[in-house]
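Working notes, beginning with the structure itself.
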Amino acid sequence: MVSGLDEIRVGGSTAYVALLNSLDDDTLSYLSKTKDVGRVRTLLSQLQDFQQLNRTAKRGLEPTTLAEYQALDSYFKHIVESTGTEPIERQLVESGHPEIDEALASGLLSVNHEVSNSLFTETSTEFGRIYGGILQDLLNQGNALLLDEQMSDIVEHMIAEGLVRPSETSVSRSTKAGAGAGMIARLPAFPNSRVGQILEARDQLESPLGRYRRAVKEYSQKLRSSPFSPALQDELDDLWLEEVQPSVVDLQHRVSGSTIARETLWEGFAAAKPIVTEAAAALIHFQGPHVGLDQVISTATAATTAVAGIAPPLVKSLRTAKEAKTSNLYYLAALGRILDRA
């Protein structure tokens with residue numbers, strides 16, 4: 001649907017006529033405000049054929065016929081030009097089309113146009129049969145499916161009526177996919193982040209992503225609902241609030257540069273050790289524990305040894321941050337921070 005809108009935006013009256021000609025009789029009758037749908041469709045088909053002719057072929061037509069086609073073509077051009085593309089462009093933006101394009105360009109998203117076209121070109125009575133066949137093929141092959149609330153409800157009913165029979169592998173993988181995606185979606189900064197920001201963050205966090213997948217496997221084993229059931233989201237809400245979110249917040253706290261600086265200063269004061277300017281400069285310099293913590297720890301030890309009371313607490317805080325980065329949930333903690341800063 002979105003691709004069709006984009007084609008109209010770019011293709012103008014030619015794409016508009018092609019769209020009208022592809023509509024079913026009831027819709028075409030409603031839009032054209034006439035019951036003589038056959039005559040309208042004949043005109044549209046003739047005009048579509050005319051628009052596809054090259055200049056030489058058009059000049060070869062009878063003058064009267066050419067004039068009729070040109071008048072009809074001008075009529076539809078006027079409709080498109082008077083309406084403008086602004087409504088279509090607004091609808092494309094609101095539908096997320098620019099972000100879909102960005103995801104497609106990244107290679108992480110692909111659209112099976114053959115499947116989508118067959119769904120839209122078949123009659124409504126064929127939709128359920130075709131969609132059920134597609135689902136059955138996917139679920140037989142052990143694929144993981146992520147569905148929105150509306151489609152999940154449809155699949156649940158299809159399973160209950162015996163129209164679709166998912167394999168145990170598909171159920172297990174779909175549960176894990178739902179759990180992994182569901183926890184990411186519950187990060188406070190996630191819903192308002194652009195696709196580009198999310199893809200960039202994903203590239204930065206390639207290393208902890210593998211550990212996160214192990215965490216997802218463990219958490220998904222606690223879920224009892226079907227991956228296509230609304231109850232799964234309720235379970236994920238409980239899991240997030242009771243177990244995952246507190247751990248993510250704790251990890252973010254432990255790797256925070258401001259936390260490291262604060263704890264180091266506090267321990268230095270508690271030990272009644274003098275905090276000199278050089279120490280403050282060192283703390284500011286080492287407030288970025290997200291990269292190179294091994295090097296930072298060794299450098300911090302050497303840089304602050306001469307500053308009484310600073311080296312031990314600073315190195316201790318940095319080691320705590322390093323340990324936090326090995327957690328299976330560090331991916332969520334880091335992703336949340338990156339998206340929050342974007």
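By convention here, the chains of the structure tokens are called A, B, ... in the order presented, each chain's residues are numbered starting at 1, and ligands are numbered starting at 1 in the order presented.
Once A:Tyr69 and its same-chain neighbours fewer than 6 positions away are set aside, A:Gln46, A:Leu47, A:Phe50, A:Gln51 remain within 9 Å of it when counting only C-alpha atoms.
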Could the residues in this selection be written to a file with N, CA, C and O atoms, as a PDB file, in the first residue's frame?
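New file result39.pdb:
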```pdb
ATOM      1  N   GLN A  46      -8.480   2.084 -21.970  1.00  0.00           N
ATOM      2  CA  GLN A  46      -8.067   2.738 -23.209  1.00  0.00           C
ATOM      3  C   GLN A  46      -7.068   3.854 -22.934  1.00  0.00           C
ATOM      4  O   GLN A  46      -6.071   4.002 -23.652  1.00  0.00           O
ATOM      5  N   LEU A  47      -7.339   4.638 -21.883  1.00  0.00           N
ATOM      6  CA  LEU A  47      -6.424   5.725 -21.534  1.00  0.00           C
ATOM      7  C   LEU A  47      -5.076   5.170 -21.076  1.00  0.00           C
ATOM      8  O   LEU A  47      -4.016   5.720 -21.425  1.00  0.00           O
ATOM      9  N   PHE A  50      -3.163   4.241 -24.034  1.00  0.00           N
ATOM     10  CA  PHE A  50      -2.701   5.455 -24.718  1.00  0.00           C
ATOM     11  C   PHE A  50      -1.473   6.046 -24.026  1.00  0.00           C
ATOM     12  O   PHE A  50      -0.504   6.454 -24.684  1.00  0.00           O
ATOM     13  N   GLN A  51      -1.500   6.078 -22.698  1.00  0.00           N
ATOM     14  CA  GLN A  51      -0.384   6.661 -21.942  1.00  0.00           C
ATOM     15  C   GLN A  51       0.910   5.868 -22.133  1.00  0.00           C
ATOM     16  O   GLN A  51       2.005   6.412 -21.985  1.00  0.00           O
TER      17      GLN A  51
END
```
Note to self: Can you pull out the residues contacting stretch 172-179 of chain A? Cut-off 7 Å, using only C-alpha atoms, and skip same-chain residues under 5 positions away; I want them as a ChimeraX atom specification.
What the structure shows: /A:143-146,216-217,220,227,236
Could you dump the residues just selected with C-alpha atoms as a short mmCIF file (atom, residue, chain, number, x, y, z; two decimals), in the first residue's frame?
```
data_model
loop_
_atom_site.label_atom_id
_atom_site.label_comp_id
_atom_site.auth_asym_id
_atom_site.auth_seq_id
_atom_site.Cartn_x
_atom_site.Cartn_y
_atom_site.Cartn_z
CA ASN A 143 10.45 -19.60 11.28
CA ALA A 144 10.00 -17.06 14.06
CA LEU A 145 7.02 -14.76 13.49
CA LEU A 146 6.54 -11.29 14.97
CA VAL A 216 16.35 -13.71 25.92
CA LYS A 217 16.52 -17.52 25.76
CA SER A 220 11.53 -16.75 27.25
CA PRO A 227 3.62 -16.20 21.10
CA LEU A 236 6.26 -9.40 29.21
#
```
Next item on the list: Considering only C-alpha atoms, state which residue in the set A:Ser170, A:Ser226, A:Gln221, A:Thr27 is at the smallest distance from A:Leu135.
Entry: A:Ser170
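Distance annotation: of A:Leu199, A:Ala215, A:Val93, A:Leu187, the residue with the minimal separation from A:Gln245 is A:Leu187; atom set is only C-alpha atoms.
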Next item on the list: Would you mind listing what lies within 9 Å of A:Ser327 as a ChimeraX atom specification, with only C-alpha atoms counted and same-chain residues fewer than 2 positions away left out?
Entry: /A:208,211-212,251,323-325,329-331
Next item on the list: Using DSSP on the backbone coordinates, identify the residues of stretch 30-242 of chain A assigned to alpha helix (DSSP H); present them as a PyMOL selection string.
Entry: chain A and resi 30-32+37-51+55-59+63-83+86-94+97-106+113-121+124-140+149-160+168-185+195-204+206-220+230-239
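Distances from A:Tyr16, A:Gln136, A:Asn54, A:Leu28 to A:Ile79 were compared using only C-alpha atoms, and the smallest one belongs to A:Tyr16.
Proximity to A:Ala160 was assessed for A:Ala181, A:Asp238, A:Asp203, A:Ser229 counting only C-alpha atoms; the smallest distance is recorded for A:Ser229.
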